[in-house]
>>> print(open('structure17.cif').read())   # mmCIF, C-alpha atoms
data_my_file
loop_
_atom_site.label_atom_id
_atom_site.label_comp_id
_atom_site.auth_asym_id
_atom_site.auth_seq_id
_atom_site.Cartn_x
_atom_site.Cartn_y
_atom_site.Cartn_z
CA MET A 6 23.59 23.85 18.20
CA THR A 7 22.81 27.33 19.49
CA ILE A 8 19.55 29.22 18.86
CA GLN A 9 19.45 32.98 19.44
CA SER A 10 16.32 35.12 19.24
CA PHE A 11 15.18 38.73 19.66
CA TYR A 12 11.83 40.47 19.36
CA SER A 13 11.10 43.55 17.24
CA GLU A 14 7.96 45.06 15.71
CA ARG A 15 5.76 41.99 16.17
CA LYS A 16 8.39 39.76 14.66
CA VAL A 17 10.81 37.34 16.25
CA PHE A 18 14.18 37.01 14.57
CA ILE A 19 15.88 33.63 14.95
CA LYS A 20 19.53 32.83 14.39
CA ILE A 21 20.58 29.16 14.21
CA ILE A 22 24.27 28.57 14.82
CA PRO A 23 25.47 24.97 14.25
CA TYR A 24 28.01 23.65 16.74
CA LYS A 25 29.72 20.21 16.69
CA VAL A 26 27.40 18.86 14.01
CA ASP A 27 29.93 17.29 11.62
CA ARG A 28 28.73 13.74 12.40
CA LEU A 29 25.06 14.46 11.65
CA LYS A 30 23.72 12.89 8.45
CA PHE A 31 20.07 13.93 8.68
CA SER A 32 18.28 16.40 10.93
CA THR A 33 15.01 18.27 11.29
CA CYS A 34 14.41 21.43 13.30
CA LYS A 35 10.98 22.79 14.23
CA LEU A 36 10.57 26.14 16.03
CA SER A 37 7.24 27.40 17.39
CA LEU A 38 6.21 30.68 19.01
CA VAL A 39 3.73 29.81 21.76
CA ASP A 40 1.58 32.06 23.93
CA LYS A 41 2.23 30.87 27.47
CA ARG A 42 -1.21 31.95 28.65
CA ASP A 43 -3.38 29.77 26.39
CA LYS A 44 -0.67 27.60 24.73
CA SER A 45 -1.76 28.72 21.26
CA VAL A 46 0.82 28.53 18.47
CA LEU A 47 1.41 31.98 17.00
CA SER A 48 3.93 30.98 14.36
CA LYS A 49 6.06 28.00 13.41
CA ARG A 50 8.83 27.07 11.02
CA VAL A 51 10.29 23.70 10.02
CA ILE A 52 13.45 22.88 8.09
CA ALA A 53 15.29 19.65 7.29
CA TRP A 54 18.94 19.19 6.40
CA LEU A 55 20.56 16.32 4.53
CA GLY A 56 24.07 16.46 5.91
CA PRO A 57 25.25 18.79 8.73
CA PRO A 58 22.87 21.67 9.65
CA ARG A 59 23.74 25.07 8.19
CA ARG A 60 23.71 28.53 9.73
CA GLU A 61 20.25 30.04 9.30
CA MET A 62 18.52 33.36 9.95
CA TRP A 63 14.73 33.23 10.23
CA ARG A 64 12.06 35.88 10.64
CA MET A 65 8.89 34.64 12.33
CA PRO A 66 5.99 37.13 12.19
CA PHE A 67 2.88 36.58 14.27
CA GLN A 68 -0.44 38.27 14.92
CA LYS A 69 -1.98 38.15 18.38
CA GLU A 70 -4.64 40.50 19.70
CA ARG A 71 -3.27 42.25 22.77
CA ASP A 72 -5.30 43.27 25.76
CA THR A 73 -5.42 47.10 25.93
CA SER A 74 -4.18 46.91 29.52
CA GLU A 75 -0.98 45.16 28.39
CA ASP A 76 2.08 46.97 27.19
CA VAL A 77 4.55 45.70 24.58
CA ASP A 78 6.92 44.33 27.20
CA SER A 79 4.12 42.32 28.78
CA THR A 80 3.17 40.83 25.40
CA GLU A 81 6.75 39.87 24.75
CA SER A 82 7.15 38.24 28.16
CA ASN A 83 4.17 35.97 27.52
CA ILE A 84 5.67 34.47 24.36
CA GLU A 85 8.02 31.51 24.50
CA LEU A 86 10.10 29.84 21.82
CA VAL A 87 9.72 26.04 21.67
CA SER A 88 12.31 24.10 19.70
CA GLU A 89 12.31 20.46 18.54
CA PHE A 90 15.42 18.96 16.98
CA VAL A 91 15.65 15.40 15.60
CA TYR A 92 18.85 14.03 14.11
CA SER A 93 20.66 10.90 12.99
CA THR A 94 24.36 10.18 12.72
CA GLY A 95 23.74 7.50 10.08
CA GLN A 96 24.89 4.71 12.38
CA GLU A 97 21.48 3.03 12.21
CA THR A 98 21.51 2.79 8.42
CA LYS A 99 25.03 1.32 8.44
CA MET A 100 23.83 -1.46 10.73
CA LEU A 101 20.83 -2.14 8.51
CA GLU A 102 22.93 -2.22 5.36
CA LYS A 103 25.27 -4.72 7.00
CA ASP A 104 22.47 -7.01 8.16
CA PHE A 105 20.30 -6.74 5.03
CA PRO A 106 22.25 -6.99 1.76
CA TYR A 107 19.06 -6.58 -0.29
CA SER A 108 19.01 -2.86 0.53
CA PRO A 109 21.48 -1.17 -1.87
CA ARG A 110 19.62 2.16 -1.80
CA LEU A 111 18.79 2.26 1.91
CA SER A 112 20.51 5.57 2.68
CA GLU A 113 18.74 7.29 -0.19
CA LEU A 114 15.39 5.90 0.90
CA VAL A 115 15.87 6.91 4.53
CA SER A 116 16.61 10.45 3.37
CA LYS A 117 13.38 10.40 1.39
CA TYR A 118 11.46 9.20 4.42
CA ILE A 119 12.91 11.93 6.63
CA ASN A 120 11.70 14.54 4.17
CA SER A 121 8.26 12.91 4.10
CA CYS A 122 8.02 13.13 7.89
CA ILE A 123 8.47 16.89 7.99
CA THR A 124 5.45 18.49 9.59
CA SER A 125 2.87 19.51 6.99
CA GLU A 126 -0.35 21.47 7.23
CA ASN A 127 -2.01 19.09 4.74
CA LEU A 128 -2.86 15.53 5.72
CA SER A 129 -2.76 14.55 2.04
CA ASP A 130 0.97 15.34 2.00
CA CYS A 131 1.70 12.63 4.57
CA PRO A 132 2.37 9.13 3.15
CA LYS A 133 -0.20 6.42 3.80
CA LEU A 134 0.80 3.09 5.32
CA SER A 135 0.25 1.33 1.99
CA GLU A 136 2.52 3.82 0.20
CA SER A 137 5.26 3.39 2.78
CA LEU A 138 5.07 -0.40 2.59
CA TRP A 139 5.18 -0.33 -1.21
CA ASN A 140 8.22 1.97 -1.10
CA LEU A 141 9.99 -0.60 1.08
CA TYR A 142 9.26 -3.23 -1.58
CA THR A 143 10.24 -1.16 -4.62
CA GLU A 144 13.47 0.01 -2.96
CA ARG A 145 14.25 -3.50 -1.58
CA VAL A 146 14.61 -2.24 1.96
CA LEU A 147 14.82 -4.96 4.67
CA CYS A 148 13.58 -7.64 2.26
CA ASP A 149 14.02 -11.10 3.79
CA LEU A 150 12.49 -13.46 1.22
CA GLU A 151 13.01 -14.16 -2.48
CA ILE A 152 10.23 -15.28 -4.84
CA LYS A 153 11.53 -17.02 -7.94
CA THR A 154 9.56 -17.50 -11.13
CA LYS A 155 10.75 -19.13 -14.34
CA THR A 156 12.33 -15.85 -15.49
CA SER A 157 12.60 -13.40 -12.57
CA SER A 158 13.22 -12.88 -8.87
CA PHE A 159 11.14 -10.71 -6.54
CA PHE A 160 12.47 -9.65 -3.14
CA VAL A 161 9.70 -9.27 -0.58
CA HIS A 162 8.95 -9.10 3.15
CA LYS A 163 7.78 -12.25 4.89
CA ILE A 164 5.70 -10.34 7.42
CA VAL A 165 3.59 -8.74 4.66
CA LEU A 166 2.99 -12.02 2.84
CA CYS A 167 2.14 -13.83 6.08
CA ALA A 168 -0.26 -11.07 7.15
CA ARG A 169 -2.19 -11.27 3.86
CA SER A 170 -2.10 -14.98 3.04
CA PRO A 171 -2.67 -17.97 5.37
CA VAL A 172 -0.85 -20.14 2.81
CA PHE A 173 2.31 -18.05 3.07
CA LEU A 174 1.88 -17.96 6.85
CA ALA A 175 1.83 -21.76 7.08
CA MET A 176 4.70 -22.07 4.60
CA LEU A 177 7.01 -19.59 6.35
CA SER A 178 6.19 -20.28 9.99
CA HIS A 179 6.75 -24.05 9.93
CA ASP A 180 9.82 -26.13 9.13
CA MET A 181 9.43 -26.17 5.38
CA LYS A 182 12.06 -25.69 2.69
CA GLU A 183 10.77 -22.18 1.87
CA LYS A 184 11.47 -21.05 5.43
CA THR A 185 14.89 -22.69 5.50
CA ASN A 186 16.01 -21.46 2.07
CA LYS A 187 14.33 -18.04 2.38
CA CYS A 188 13.04 -18.63 -1.12
CA VAL A 189 9.62 -19.46 -2.61
CA GLU A 190 9.48 -20.88 -6.13
CA ILE A 191 6.37 -20.01 -8.16
CA GLU A 192 6.29 -21.41 -11.67
CA ASP A 193 2.56 -21.35 -12.43
CA ILE A 194 2.04 -17.56 -12.27
CA VAL A 195 3.48 -15.26 -14.94
CA ASP A 196 5.58 -12.28 -13.91
CA ASP A 197 3.05 -9.56 -14.79
CA VAL A 198 0.32 -11.25 -12.76
CA LEU A 199 2.69 -11.81 -9.84
CA LYS A 200 3.64 -8.12 -9.83
CA THR A 201 -0.03 -7.16 -9.62
CA PHE A 202 -0.58 -9.78 -6.93
CA LEU A 203 2.27 -8.41 -4.81
CA PHE A 204 1.04 -4.85 -5.34
CA PHE A 205 -2.30 -5.87 -3.85
CA LEU A 206 -0.68 -7.64 -0.88
CA TYR A 207 1.25 -4.47 -0.01
CA THR A 208 -1.34 -1.80 -0.84
CA ASP A 209 -4.75 -3.55 -0.76
CA ALA A 210 -5.44 -2.02 -4.18
CA VAL A 211 -5.56 -3.09 -7.83
CA GLU A 212 -5.04 -0.83 -10.84
CA ASP A 213 -5.68 -1.00 -14.60
CA LEU A 214 -7.42 -4.38 -14.63
CA GLU A 215 -7.74 -6.28 -17.90
CA TRP A 216 -9.55 -9.54 -18.63
CA GLU A 217 -6.61 -11.91 -19.09
CA GLY A 218 -4.72 -10.41 -16.18
CA VAL A 219 -7.72 -10.72 -13.86
CA VAL A 220 -8.22 -14.39 -14.71
CA GLY A 221 -4.60 -15.05 -13.73
CA LEU A 222 -4.96 -12.86 -10.65
CA TYR A 223 -8.05 -14.81 -9.59
CA TYR A 224 -6.01 -18.01 -9.84
CA ALA A 225 -3.25 -16.52 -7.65
CA ALA A 226 -5.76 -15.23 -5.09
CA ASP A 227 -7.40 -18.64 -4.82
CA LYS A 228 -4.09 -20.49 -4.63
CA TYR A 229 -2.84 -18.37 -1.71
CA HIS A 230 -6.28 -17.87 -0.11
CA VAL A 231 -6.37 -14.09 -0.44
CA GLU A 232 -10.15 -13.93 -0.22
CA ARG A 233 -10.54 -10.16 -0.60
CA LEU A 234 -8.62 -10.17 -3.88
CA LYS A 235 -10.56 -13.23 -5.05
CA ILE A 236 -13.86 -11.39 -4.54
CA LEU A 237 -12.57 -8.29 -6.33
CA CYS A 238 -11.50 -10.40 -9.31
CA SER A 239 -14.74 -12.36 -9.54
CA SER A 240 -16.73 -9.10 -9.31
CA PHE A 241 -14.76 -7.63 -12.21
CA LEU A 242 -15.29 -10.78 -14.31
CA LEU A 243 -19.03 -10.86 -13.59
CA LYS A 244 -19.41 -7.20 -14.55
CA ASN A 245 -17.91 -8.07 -17.94
CA ILE A 246 -19.69 -11.40 -18.53
CA ASP A 247 -21.26 -12.00 -21.94
CA VAL A 248 -22.24 -14.84 -24.26
CA ASP A 249 -18.73 -15.15 -25.63
CA ASN A 250 -16.93 -15.60 -22.29
CA VAL A 251 -19.60 -17.25 -20.13
CA CYS A 252 -18.18 -20.73 -20.76
CA GLU A 253 -14.73 -19.61 -19.61
CA LEU A 254 -16.19 -18.19 -16.39
CA LEU A 255 -18.32 -21.25 -15.71
CA LEU A 256 -15.24 -23.47 -16.05
CA LEU A 257 -13.16 -21.11 -13.89
CA ALA A 258 -15.73 -21.01 -11.08
CA ASP A 259 -16.23 -24.79 -11.17
CA LYS A 260 -12.50 -25.51 -11.21
CA HIS A 261 -11.91 -23.37 -8.11
CA HIS A 262 -15.03 -24.62 -6.30
CA ASP A 263 -16.27 -21.04 -5.94
CA ILE A 264 -19.95 -21.63 -5.18
CA ASN A 265 -21.09 -17.99 -5.14
CA PHE A 266 -19.18 -17.15 -8.31
CA LYS A 267 -20.55 -20.21 -10.09
CA ARG A 268 -24.14 -19.44 -9.02
CA ARG A 269 -23.88 -15.93 -10.49
CA VAL A 270 -22.60 -17.36 -13.79
CA GLU A 271 -25.41 -19.92 -13.83
CA ASP A 272 -27.96 -17.13 -13.24
CA PHE A 273 -26.63 -15.34 -16.30
CA ILE A 274 -26.94 -18.54 -18.34
CA LEU A 275 -30.56 -19.07 -17.21
CA GLN A 276 -31.43 -15.50 -18.18
CA ASN A 277 -29.83 -15.89 -21.62
CA ASP A 278 -30.27 -19.63 -22.24
CA GLU A 279 -31.49 -19.46 -25.84
CA ARG A 280 -28.63 -17.25 -27.02
CA ILE A 281 -26.00 -19.22 -25.11
CA PHE A 282 -27.14 -22.78 -25.91
CA SER A 283 -27.43 -21.98 -29.62
CA SER A 284 -23.94 -20.45 -29.85
CA SER A 285 -20.99 -22.26 -31.42
CA ILE A 286 -18.93 -21.58 -28.27
CA TRP A 287 -21.40 -23.51 -26.11
CA LYS A 288 -21.54 -26.41 -28.56
CA GLN A 289 -17.75 -26.68 -28.41
CA PHE A 290 -17.95 -26.44 -24.61
CA VAL A 291 -20.42 -29.36 -24.53
CA CYS A 292 -17.98 -31.53 -26.46
CA GLU A 293 -15.07 -30.76 -24.14
CA TYR A 294 -16.88 -30.59 -20.78
CA SER A 295 -19.94 -32.77 -21.15
CA LEU A 296 -20.68 -33.32 -17.43
CA LEU A 297 -20.43 -29.63 -16.48
CA SER A 298 -22.50 -28.53 -19.48
CA ALA A 299 -25.14 -31.19 -18.79
CA ALA A 300 -25.42 -30.17 -15.14
CA THR A 301 -25.84 -26.56 -16.21
CA MET A 302 -28.54 -27.34 -18.80
CA LEU A 303 -30.45 -29.34 -16.19
CA LEU A 304 -30.88 -26.08 -14.29
CA ILE A 305 -33.31 -25.04 -17.03
CA TYR A 306 -35.37 -28.19 -16.36
CA ASP A 307 -35.30 -27.59 -12.61
CA LYS A 308 -36.38 -23.99 -13.16
CA GLU A 309 -39.32 -25.03 -15.34
CA ILE A 310 -40.43 -27.73 -12.89
CA GLY A 311 -40.27 -25.20 -10.07
CA ASN A 312 -42.36 -22.73 -12.05
CA PHE A 313 -44.91 -25.48 -12.85
CA PHE A 314 -45.51 -26.35 -9.19
CA ASN A 315 -45.71 -22.70 -8.23
CA ILE A 316 -48.57 -22.05 -10.66
#
>>> encode(input="structure17.cif", output="structure tokens")
Amino acid sequence: MTIQSFYSERKVFIKIIPYKVDRLKFSTCKLSLVDKRDKSVLSKRVIAWLGPPRREMWRMPFQKERDTSEDVDSTESNIELVSEFVYSTGQETKMLEKDFPYSPRLSELVSKYINSCITSENLSDCPKLSESLWNLYTERVLCDLEIKTKTSSFFVHKIVLCARSPVFLAMLSHDMKEKTNKCVEIEDIVDDVLKTFLFFLYTDAVEDLEWEGVVGLYYAADKYHVERLKILCSSFLLKNIDVDNVCELLLLADKHHDINFKRRVEDFILQNDERIFSSSIWKQFVCEYSLLSAATMLLIYDKEIGNFFNI
């Protein structure tokens, strides 16, 4: 590629002439006008091509206060043109497609990533790590593990699962069938909950939480020891606790041996004992879970004894 330039009336005119570029699949060109004295950037221009670069003509204006002792020729001699050119012949993506059959849209995704890497003045325009990781998942790029449920398959990245869950780490780093078969079977988590679970593993975020979904998500977080997600779920459930669902939360916390969660539920029961113990839901709970309900009601006795001795 040849780049020609000439200076006129405080503008630099750039001509880009492609040469022997037929094999290029993607490329990015960045040109900057730099003052050689203080290295300040006077003007810059960036362009990306999908396919071979095309002939271009650019006009790059700039404003730079000139010392009165300098003439125009001196100003021009202190300006330099800095060029950066990055390209790919596509050979890398062919190798990836050959080695990773789960990547049917790899070329399209790589093109998207090249565009996202173009220099931008706004930091908000640059993709975050979580967004890039989630794009790899949604586009099935370099996936090396399959998760099978009763009705669906999810193609994921072992390194992400192992980084977020010690259970997956132990499962996939030792000689277990999941490592050998490159497949994990999960039959006790419904598809919608698993999608939300995977979204959190890749992005560290949860969106549009609803009660039933969060209960299932709490179960998944506890099963795979994703403690951060477990705390987020229990916090959501506690914010929405009431007389009608307190029994469900007490049973959930007890079943998963979550001491802090259970203590918060018990505190709510102690603060609303008359309403809860007189409700039909609690009476049904006593019939089905007599030991847990009895242990909870004894907290009222312990509280009263403690208050008596503190008088």
>>> atom_distance(input="structure17.cif", atom1="atom CA of A:Arg269", atom2="atom CA of A:Leu243")
7.7 Å
>>> atom_distance(input="structure17.cif", atom1="atom CA of A:Leu147", atom2="atom CA of A:Glu232")
27.0 Å
>>> axis_aligned_box(input="structure17.cif", around="stretch 212-231 of chain A", padding_each_side="5 Å", output="AutoDock Vina command-line options")
--center_x -6.2 --center_y -10.7 --center_z -9.6 --size_x 16.7 --size_y 29.7 --size_z 29.0
>>> residues_around(input="structure17.cif", residues="stretch 172-189 of chain A", least_positions_apart="3", cutoff="8 Å", atoms="all atoms listed in the file", output="PyMOL selection string")
chain A and resi 149-153+163+166-168+229-230
>>> residues_around(input="structure17.cif", residues="stretch 220-222 of chain A", least_positions_apart="2", cutoff="8 Å", atoms="all atoms listed in the file", output="count of residues only")
14
>>> residues_around(input="structure17.cif", residues="stretch 285-293 of chain A", least_positions_apart="6", cutoff="9 Å", atoms="all atoms listed in the file", output="ChimeraX atom specification")
/A:248-252,299
>>> closest_residue(input="structure17.cif", among="A:Cys148, A:Val51, A:Leu206, A:Val17", to="A:Arg169", atoms="only C-alpha atoms")
A:Leu206
>>> resolve_selection(input="structure17.cif", expression="the PyMOL selection byres ((chain A and resi 204) around 12)", output="JSON, numbers by chain")
{"A": [135, 136, 138, 139, 140, 141, 142, 143, 159, 161, 165, 166, 169, 197, 198, 199, 200, 201, 202, 203, 205, 206, 207, 208, 209, 210, 211, 212, 222, 234]}
>>> atom_distance(input="structure17.cif", atom1="atom CA of A:Tyr223", atom2="atom CA of A:Arg268")
16.8 Å
>>> resolve_selection(input="structure17.cif", expression="the PyMOL selection byres ((chain A and resi 29) around 8)", output="PyMOL selection string")
chain A and resi 26-28+30-32+56-58+92-95
>>> residues_around(input="structure17.cif", residues="A:Leu297", least_positions_apart="6", cutoff="9 Å", atoms="only C-alpha atoms", output="PyMOL selection string")
chain A and resi 255-256+259+291
>>> write_last_selection(input="structure17.cif", atoms="C-alpha atoms", output="PDB file, in the coordinates of the input")
ATOM      1  CA  LEU A 255     -18.320 -21.250 -15.710  1.00  0.00           C
ATOM      2  CA  LEU A 256     -15.240 -23.470 -16.050  1.00  0.00           C
ATOM      3  CA  ASP A 259     -16.230 -24.790 -11.170  1.00  0.00           C
ATOM      4  CA  VAL A 291     -20.420 -29.360 -24.530  1.00  0.00           C
TER       5      VAL A 291
END
>>> closest_residue(input="structure17.cif", among="A:Thr156, A:Ser137, A:Ser283, A:Ser88", to="A:Ser10", atoms="only C-alpha atoms")
A:Ser88
>>> decode(input="structure17.cif", residues="stretch 181-193 of chain A", atoms="all heavy atoms", output="JSON list (two decimals), in the first residue's frame")
[["chain", "number", "residue", "atom", "x", "y", "z"],
["A", 181, "MET", "N", -12.67, -37.41, 35.10],
["A", 181, "MET", "CA", -14.08, -37.74, 35.27],
["A", 181, "MET", "C", -14.72, -37.82, 33.90],
["A", 181, "MET", "O", -14.17, -37.34, 32.90],
["A", 181, "MET", "CB", -14.78, -36.69, 36.14],
["A", 181, "MET", "CG", -14.16, -36.55, 37.53],
["A", 181, "MET", "SD", -14.94, -35.28, 38.56],
["A", 181, "MET", "CE", -16.53, -36.04, 38.88],
["A", 182, "LYS", "N", -15.90, -38.44, 33.83],
["A", 182, "LYS", "CA", -16.54, -38.67, 32.53],
["A", 182, "LYS", "C", -16.85, -37.37, 31.81],
["A", 182, "LYS", "O", -16.82, -37.32, 30.57],
["A", 182, "LYS", "CB", -17.80, -39.50, 32.71],
["A", 182, "LYS", "CG", -18.92, -38.79, 33.45],
["A", 182, "LYS", "CD", -20.19, -39.65, 33.48],
["A", 182, "LYS", "CE", -21.34, -38.92, 34.14],
["A", 182, "LYS", "NZ", -22.59, -39.70, 34.14],
["A", 183, "GLU", "N", -17.14, -36.29, 32.56],
["A", 183, "GLU", "CA", -17.45, -35.01, 31.93],
["A", 183, "GLU", "C", -16.25, -34.47, 31.17],
["A", 183, "GLU", "O", -16.39, -33.91, 30.07],
["A", 183, "GLU", "CB", -17.89, -33.99, 32.99],
["A", 183, "GLU", "CG", -19.24, -34.25, 33.60],
["A", 183, "GLU", "CD", -19.22, -35.26, 34.73],
["A", 183, "GLU", "OE1", -18.11, -35.74, 35.07],
["A", 183, "GLU", "OE2", -20.29, -35.58, 35.27],
["A", 184, "LYS", "N", -15.06, -34.66, 31.73],
["A", 184, "LYS", "CA", -13.85, -34.20, 31.05],
["A", 184, "LYS", "C", -13.58, -35.05, 29.82],
["A", 184, "LYS", "O", -13.24, -34.54, 28.74],
["A", 184, "LYS", "CB", -12.66, -34.26, 32.00],
["A", 184, "LYS", "CG", -11.34, -33.86, 31.36],
["A", 184, "LYS", "CD", -10.19, -33.98, 32.34],
["A", 184, "LYS", "CE", -8.86, -33.62, 31.69],
["A", 184, "LYS", "NZ", -7.72, -33.77, 32.63],
["A", 185, "THR", "N", -13.75, -36.35, 29.96],
["A", 185, "THR", "CA", -13.49, -37.26, 28.84],
["A", 185, "THR", "C", -14.47, -37.07, 27.69],
["A", 185, "THR", "O", -14.09, -37.00, 26.52],
["A", 185, "THR", "CB", -13.53, -38.72, 29.32],
["A", 185, "THR", "OG1", -12.60, -38.90, 30.40],
["A", 185, "THR", "CG2", -13.19, -39.67, 28.19],
["A", 186, "ASN", "N", -15.75, -36.96, 28.03],
["A", 186, "ASN", "CA", -16.81, -36.86, 27.01],
["A", 186, "ASN", "C", -17.05, -35.43, 26.53],
["A", 186, "ASN", "O", -17.81, -35.21, 25.58],
["A", 186, "ASN", "CB", -18.11, -37.42, 27.56],
["A", 186, "ASN", "CG", -18.01, -38.88, 27.94],
["A", 186, "ASN", "OD1", -17.18, -39.61, 27.39],
["A", 186, "ASN", "ND2", -18.84, -39.32, 28.87],
["A", 187, "LYS", "N", -16.42, -34.45, 27.20],
["A", 187, "LYS", "CA", -16.64, -33.03, 26.88],
["A", 187, "LYS", "C", -18.13, -32.69, 26.91],
["A", 187, "LYS", "O", -18.64, -31.93, 26.09],
["A", 187, "LYS", "CB", -16.04, -32.68, 25.51],
["A", 187, "LYS", "CG", -14.53, -32.82, 25.45],
["A", 187, "LYS", "CD", -13.97, -32.38, 24.10],
["A", 187, "LYS", "CE", -12.46, -32.51, 24.08],
["A", 187, "LYS", "NZ", -11.89, -32.07, 22.77],
["A", 188, "CYS", "N", -18.79, -33.26, 27.91],
["A", 188, "CYS", "CA", -20.23, -33.07, 28.03],
["A", 188, "CYS", "C", -20.64, -33.18, 29.50],
["A", 188, "CYS", "O", -20.20, -34.08, 30.21],
["A", 188, "CYS", "CB", -20.99, -34.10, 27.20],
["A", 188, "CYS", "SG", -22.78, -33.96, 27.30],
["A", 189, "VAL", "N", -21.47, -32.22, 29.95],
["A", 189, "VAL", "CA", -22.01, -32.24, 31.30],
["A", 189, "VAL", "C", -23.53, -32.37, 31.20],
["A", 189, "VAL", "O", -24.17, -31.57, 30.52],
["A", 189, "VAL", "CB", -21.64, -30.96, 32.07],
["A", 189, "VAL", "CG1", -22.29, -30.96, 33.45],
["A", 189, "VAL", "CG2", -20.13, -30.82, 32.18],
["A", 190, "GLU", "N", -24.08, -33.36, 31.86],
["A", 190, "GLU", "CA", -25.53, -33.56, 31.84],
["A", 190, "GLU", "C", -26.15, -32.95, 33.10],
["A", 190, "GLU", "O", -25.74, -33.27, 34.21],
["A", 190, "GLU", "CB", -25.86, -35.05, 31.76],
["A", 190, "GLU", "CG", -25.42, -35.70, 30.46],
["A", 190, "GLU", "CD", -25.81, -37.16, 30.37],
["A", 190, "GLU", "OE1", -26.45, -37.66, 31.34],
["A", 190, "GLU", "OE2", -25.52, -37.81, 29.35],
["A", 191, "ILE", "N", -27.12, -32.05, 32.89],
["A", 191, "ILE", "CA", -27.81, -31.38, 34.00],
["A", 191, "ILE", "C", -29.30, -31.58, 33.79],
["A", 191, "ILE", "O", -29.89, -31.01, 32.88],
["A", 191, "ILE", "CB", -27.47, -29.88, 34.04],
["A", 191, "ILE", "CG1", -25.96, -29.67, 34.25],
["A", 191, "ILE", "CG2", -28.27, -29.20, 35.15],
["A", 191, "ILE", "CD1", -25.55, -28.22, 34.27],
["A", 192, "GLU", "N", -29.91, -32.39, 34.64],
["A", 192, "GLU", "CA", -31.33, -32.71, 34.47],
["A", 192, "GLU", "C", -32.21, -32.10, 35.55],
["A", 192, "GLU", "O", -33.44, -32.22, 35.49],
["A", 192, "GLU", "CB", -31.51, -34.24, 34.46],
["A", 192, "GLU", "CG", -30.80, -34.92, 33.29],
["A", 192, "GLU", "CD", -31.08, -36.41, 33.22],
["A", 192, "GLU", "OE1", -31.70, -36.92, 34.19],
["A", 192, "GLU", "OE2", -30.72, -37.05, 32.23],
["A", 193, "ASP", "N", -31.60, -31.45, 36.54],
["A", 193, "ASP", "CA", -32.39, -30.91, 37.65],
["A", 193, "ASP", "C", -32.52, -29.39, 37.60],
["A", 193, "ASP", "O", -32.97, -28.77, 38.57],
["A", 193, "ASP", "CB", -31.78, -31.34, 38.99],
["A", 193, "ASP", "CG", -30.30, -30.96, 39.10],
["A", 193, "ASP", "OD1", -29.71, -30.57, 38.09],
["A", 193, "ASP", "OD2", -29.75, -31.06, 40.21]]
